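Enquirer: See data.cif below, with mmCIF, C-alpha atoms.
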```cif
data_structure
loop_
_atom_site.label_atom_id
_atom_site.label_comp_id
_atom_site.auth_asym_id
_atom_site.auth_seq_id
_atom_site.Cartn_x
_atom_site.Cartn_y
_atom_site.Cartn_z
CA MET A 1 36.27 -38.02 198.35
CA ALA A 2 36.25 -36.01 195.06
CA LYS A 3 35.27 -32.35 195.09
CA ASN A 4 32.18 -32.89 192.86
CA THR A 5 30.99 -35.71 195.12
CA ARG A 6 31.41 -33.54 198.23
CA VAL A 7 29.46 -30.68 196.64
CA LEU A 8 26.66 -33.03 195.64
CA THR A 9 26.57 -34.58 199.14
CA VAL A 10 26.38 -31.11 200.73
CA ALA A 11 23.58 -30.12 198.35
CA VAL A 12 21.53 -33.23 199.13
CA ALA A 13 22.07 -32.80 202.87
CA ALA A 14 21.07 -29.13 202.71
CA ALA A 15 17.94 -29.96 200.77
CA LEU A 16 16.96 -32.71 203.20
CA LEU A 17 17.71 -30.75 206.37
CA GLY A 18 16.49 -27.33 205.31
CA GLY A 19 13.53 -28.37 203.25
CA GLY A 20 14.78 -26.17 200.44
CA THR A 21 14.98 -23.00 202.55
CA LEU A 22 18.79 -23.01 202.84
CA GLY A 23 19.35 -22.86 199.09
CA VAL A 24 20.71 -25.32 196.59
CA VAL A 25 24.36 -25.78 195.74
CA SER A 26 25.13 -27.16 192.33
CA ALA A 27 28.30 -27.95 190.45
CA ASN A 28 28.96 -28.15 186.74
CA ALA A 29 31.43 -30.50 185.06
CA ALA A 30 34.30 -28.06 185.67
CA GLY A 31 33.66 -28.17 189.41
CA THR A 32 32.52 -24.54 189.96
CA GLU A 33 29.88 -23.86 192.54
CA GLU A 34 26.82 -21.61 192.29
CA SER A 35 24.29 -20.81 194.95
CA GLN A 36 20.67 -20.36 193.83
CA PRO A 37 18.00 -19.47 196.39
CA VAL A 38 14.90 -21.58 196.25
CA ALA A 39 11.68 -19.58 196.08
CA PRO A 40 9.01 -20.45 198.62
CA ALA A 41 5.92 -22.12 197.22
CA ALA A 42 3.43 -19.59 195.88
CA ALA A 43 0.04 -19.32 197.52
CA PRO A 44 -2.77 -20.59 195.31
CA ALA A 45 -4.49 -17.85 193.31
CA ALA A 46 -7.89 -16.85 194.60
CA PRO A 47 -10.60 -16.89 191.94
CA ALA A 48 -12.12 -13.51 191.11
CA PRO A 49 -15.81 -13.08 191.89
CA LYS A 50 -18.06 -13.52 188.85
CA LYS A 51 -19.31 -9.95 188.93
CA ALA A 52 -15.71 -8.66 188.83
CA THR A 53 -14.95 -10.16 185.40
CA TYR A 54 -16.40 -10.45 181.93
CA GLN A 55 -15.67 -12.48 178.83
CA SER A 56 -15.28 -11.17 175.34
CA THR A 57 -15.18 -12.86 171.97
CA HIS A 58 -12.35 -12.33 169.51
CA LEU A 59 -11.70 -13.47 165.95
CA THR A 60 -9.04 -16.09 165.49
CA VAL A 61 -6.02 -15.21 163.39
CA ASP A 62 -7.30 -17.63 160.74
CA ALA A 63 -10.70 -15.91 160.59
CA ALA A 64 -9.12 -12.45 160.48
CA THR A 65 -6.83 -13.56 157.66
CA GLU A 66 -9.78 -15.05 155.77
CA ALA A 67 -11.71 -11.78 156.07
CA ALA A 68 -8.72 -9.69 154.99
CA GLN A 69 -8.06 -11.95 152.01
CA ALA A 70 -11.71 -11.77 150.93
CA ALA A 71 -11.57 -7.96 151.02
CA LEU A 72 -8.31 -7.93 149.07
CA ASP A 73 -9.69 -10.38 146.49
CA ALA A 74 -12.82 -8.25 145.98
CA ALA A 75 -10.67 -5.16 145.38
CA GLU A 76 -8.29 -6.96 143.02
CA LYS A 77 -11.29 -8.23 141.04
CA ASP A 78 -12.21 -4.55 140.49
CA GLY A 79 -8.61 -3.63 139.67
CA GLN A 80 -8.10 -1.68 142.91
CA ARG A 81 -4.91 -1.60 144.97
CA ILE A 82 -5.73 -1.54 148.66
CA THR A 83 -4.55 -2.37 152.13
CA VAL A 84 -6.81 -4.27 154.54
CA SER A 85 -6.48 -4.21 158.32
CA VAL A 86 -8.40 -6.35 160.80
CA VAL A 87 -8.33 -5.28 164.45
CA ASP A 88 -9.73 -7.10 167.47
CA ARG A 89 -12.34 -5.81 169.92
CA ASN A 90 -9.68 -3.83 171.75
CA GLY A 91 -8.41 -2.17 168.58
CA ASN A 92 -5.24 -4.24 168.41
CA THR A 93 -4.13 -5.18 164.92
CA VAL A 94 -4.62 -8.88 164.18
CA VAL A 95 -3.66 -8.94 160.49
CA VAL A 96 -2.79 -6.49 157.72
CA LEU A 97 -2.62 -7.37 154.04
CA ARG A 98 -1.12 -4.76 151.76
CA GLY A 99 -2.01 -5.48 148.17
CA ASP A 100 0.49 -5.12 145.36
CA GLY A 101 0.80 -1.47 144.43
CA ALA A 102 -1.19 -0.10 147.38
CA GLY A 103 -0.11 3.39 148.39
CA PRO A 104 2.13 3.90 151.41
CA GLN A 105 -0.54 5.92 153.26
CA SER A 106 -3.04 3.07 152.95
CA TYR A 107 -1.42 0.97 155.68
CA GLU A 108 -2.02 3.42 158.55
CA SER A 109 -5.35 4.60 157.13
CA ALA A 110 -6.73 1.05 157.00
CA GLN A 111 -5.70 0.40 160.61
CA ARG A 112 -7.17 3.65 161.91
CA LYS A 113 -10.44 3.11 160.02
CA ALA A 114 -10.76 -0.43 161.45
CA TYR A 115 -10.08 0.90 164.95
CA THR A 116 -12.73 3.59 164.50
CA ALA A 117 -15.36 1.11 163.27
CA VAL A 118 -14.85 -1.31 166.15
CA SER A 119 -14.71 1.50 168.73
CA TRP A 120 -18.17 2.80 167.81
CA ASN A 121 -19.63 -0.45 166.44
CA ALA A 122 -20.66 1.27 163.23
CA PRO A 123 -19.45 1.58 159.65
CA THR A 124 -17.18 4.58 159.30
CA SER A 125 -19.42 6.02 156.57
CA GLU A 126 -22.11 6.45 159.27
CA LEU A 127 -19.61 7.86 161.73
CA VAL A 128 -18.61 10.57 159.25
CA LYS A 129 -22.20 11.84 159.49
CA ARG A 130 -21.92 12.01 163.30
CA LEU A 131 -19.10 14.52 162.97
CA GLN A 132 -21.68 17.17 162.04
CA GLN A 133 -23.12 16.99 165.56
CA ALA A 134 -19.81 16.33 167.35
CA PRO A 135 -16.88 17.58 165.26
CA ASN A 136 -14.38 16.99 168.05
CA LEU A 137 -14.78 13.20 167.66
CA LYS A 138 -12.10 13.39 164.99
CA ASP A 139 -9.62 14.52 167.63
CA ILE A 140 -9.64 11.16 169.44
CA PRO A 141 -6.20 9.58 168.96
CA GLY A 142 -5.97 6.63 166.58
CA THR A 143 -9.29 7.28 164.85
CA LEU A 144 -9.98 8.17 161.23
CA PHE A 145 -13.47 9.28 160.28
CA LEU A 146 -13.45 8.38 156.59
CA ALA A 147 -15.66 5.81 154.90
CA GLY A 148 -14.00 2.45 154.45
CA ALA A 149 -14.44 0.27 157.52
CA VAL A 150 -17.09 -1.92 159.11
CA PRO A 151 -17.40 -3.62 162.47
CA VAL A 152 -17.73 -7.39 162.79
CA GLN A 153 -20.36 -8.31 165.36
CA ALA A 154 -20.68 -11.35 167.58
CA PRO A 155 -23.46 -13.60 166.26
CA ALA A 156 -25.58 -13.73 169.41
CA LYS A 157 -24.88 -10.46 171.19
CA GLY A 158 -24.45 -7.89 168.41
CA ALA A 159 -21.39 -6.53 170.20
CA PRO A 160 -18.37 -5.75 168.03
CA ILE A 161 -15.62 -8.36 168.06
CA ALA A 162 -13.46 -6.86 165.30
CA GLY A 163 -13.18 -4.10 162.76
CA ILE A 164 -12.17 -4.38 159.11
CA GLY A 165 -10.68 -1.29 157.53
CA VAL A 166 -9.72 -0.74 153.91
CA ALA A 167 -7.80 2.12 152.34
CA GLY A 168 -6.38 2.80 148.91
CA ALA A 169 -9.37 2.70 146.55
CA PRO A 170 -10.30 6.00 144.89
CA SER A 171 -13.30 6.49 147.23
CA GLY A 172 -14.36 5.63 150.74
CA ASP A 173 -17.47 3.98 149.32
CA LEU A 174 -15.31 1.47 147.45
CA ASP A 175 -13.11 0.94 150.51
CA GLU A 176 -16.21 0.17 152.55
CA LYS A 177 -17.55 -2.15 149.84
CA TYR A 178 -14.36 -4.23 150.14
CA ALA A 179 -14.41 -4.14 153.93
CA SER A 180 -17.99 -5.41 153.79
CA ALA A 181 -16.87 -8.25 151.49
CA GLY A 182 -14.39 -9.25 154.18
CA ALA A 183 -17.08 -9.23 156.86
CA ALA A 184 -19.42 -11.22 154.61
CA ALA A 185 -16.76 -13.93 154.22
CA LEU A 186 -17.00 -14.52 157.97
CA ALA A 187 -20.76 -14.94 157.87
CA GLY A 188 -20.68 -17.65 155.23
#
```
Starting from the file, lay out its structure as structure tokens.

Expert:
Amino acid sequence: MAKNTRVLTVAVAAALLGGGTLGVVSANAAGTEESQPVAPAAAPAAPAPKKATYQSTHLTVDAATEAAQAALDAAEKDGQRITVSVVDRNGNTVVVLRGDGAGPQSYESAQRKAYTAVSWNAPTSELVKRLQQAPNLKDIPGTLFLAGAVPVQAPAKGAPIAGIGVAGAPSGDLDEKYASAGAAALAG
């Protein structure tokens, strides 16, 4: 009996007799043997109780890209060079579009503004005003309290599902105007 045939016969016998608990022996074309343990079947996952979980809504990549492109188009129409960042509900970046000629600082600024807007569910121009009562807000890592970002809210609940931040225009008011154009593109 050939060596490969013997190895295969032993493997089949082991599988039949041990029900997979003895391991599996396999051979490749060169006739070498390897032993791979077979993992026991996993126990079925228990469902979590309803009150222990929640669902959240997020923008799709396509929707985030559409919003970012609308903001970029609005800025380009005005001759402005900007960067647009769209973050999800958790502040994770979904898409960034850096327009031709946008400054190098605009990339991080746009992301941090978007994160700030979604974190407080408010345009960053409003959040700048809150700094008068709580100046230490600006010390929270990842935030940037400058005008130029707006939250995107879920249609039914009003909870934020994304933030759109813009940086690079000569004023925060213009940045926020372009961020709002991106949010408006999602509503239409």

Enquirer: Name every residue that the PyMOL selection byres ((chain A and resi 181) around 8) selects in this structure, writing the answer as a PyMOL selection string with chains first and numbers rising.

Expert: chain A and resi 67+70-71+74+177-180+182-185

Enquirer: For the file shown, what are the residues hit by the PyMOL selection byres ((chain A and resi 146) around 12), laid out as an NGL selection string?

Expert: :A and (109-117 or 123-131 or 138 or 143-145 or 147-150 or 165-168 or 171-176)

Enquirer: Counting only C-alpha atoms, figure out which residue out of A:Gln55, A:Thr60, A:Gln133, A:Ser85 gets nearest to A:Gly163.

Expert: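 Checking each candidate against A:Gly163, we get A:Ser85 as the closest.
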
Enquirer: Evaluate the PyMOL selection byres ((chain A and resi 154) around 12) on the structure here and hand back the selected residues as a ChimeraX atom specification.

Expert: /A:56-59,88-89,118,121,151-153,155-163,183,186-187

Enquirer: When you look at A:Gly99 with a cut-off of 12 Å (counting all atoms listed in the file), what residues show up, excluding the ones that are within fewer than 2 positions of it in the same chain? I need them as a list in words.

Expert: Ala68, Gln69, Ala70, Ala71, Leu72, Asp73, Ala74, Ala75, Glu76, Gly79, Gln80, Arg81, Ile82, Thr83, Val84, Ser85, Val96, Leu97, Gly101, Ala102, Gly103, Pro104, Ser106, Tyr107, Ala110, Val166, Ala167, Gly168 and Ala169 of chain A

Enquirer: Check the smallest atom-to-atom distance from each of A:Pro135, A:Gly91, A:Gln105, A:Gly142 to A:Ser119 using all atoms listed in the file, then report the winner.

Expert: A:Gly91

Enquirer: What's the separation between atom CA of A:Ala52 and atom CA of A:Val94, in Å to one decimal place?

Expert: 27.0 Å

Enquirer: Given 5 Å of margin on each side, can you work out the centre and size in Å (one decimal) of an axis-aligned box holding every listed atom of stretch 96-115 of chain A, as lines of an AutoDock Vina configuration file?

Expert:
```
center_x = -4.3
center_y = -0.7
center_z = 154.7
size_x = 22.9
size_y = 23.3
size_z = 30.5
```

Enquirer: Any idea what the distance is between atom CA of A:Pro49 and atom CA of A:Asn90?

Expert: 23.0 Å
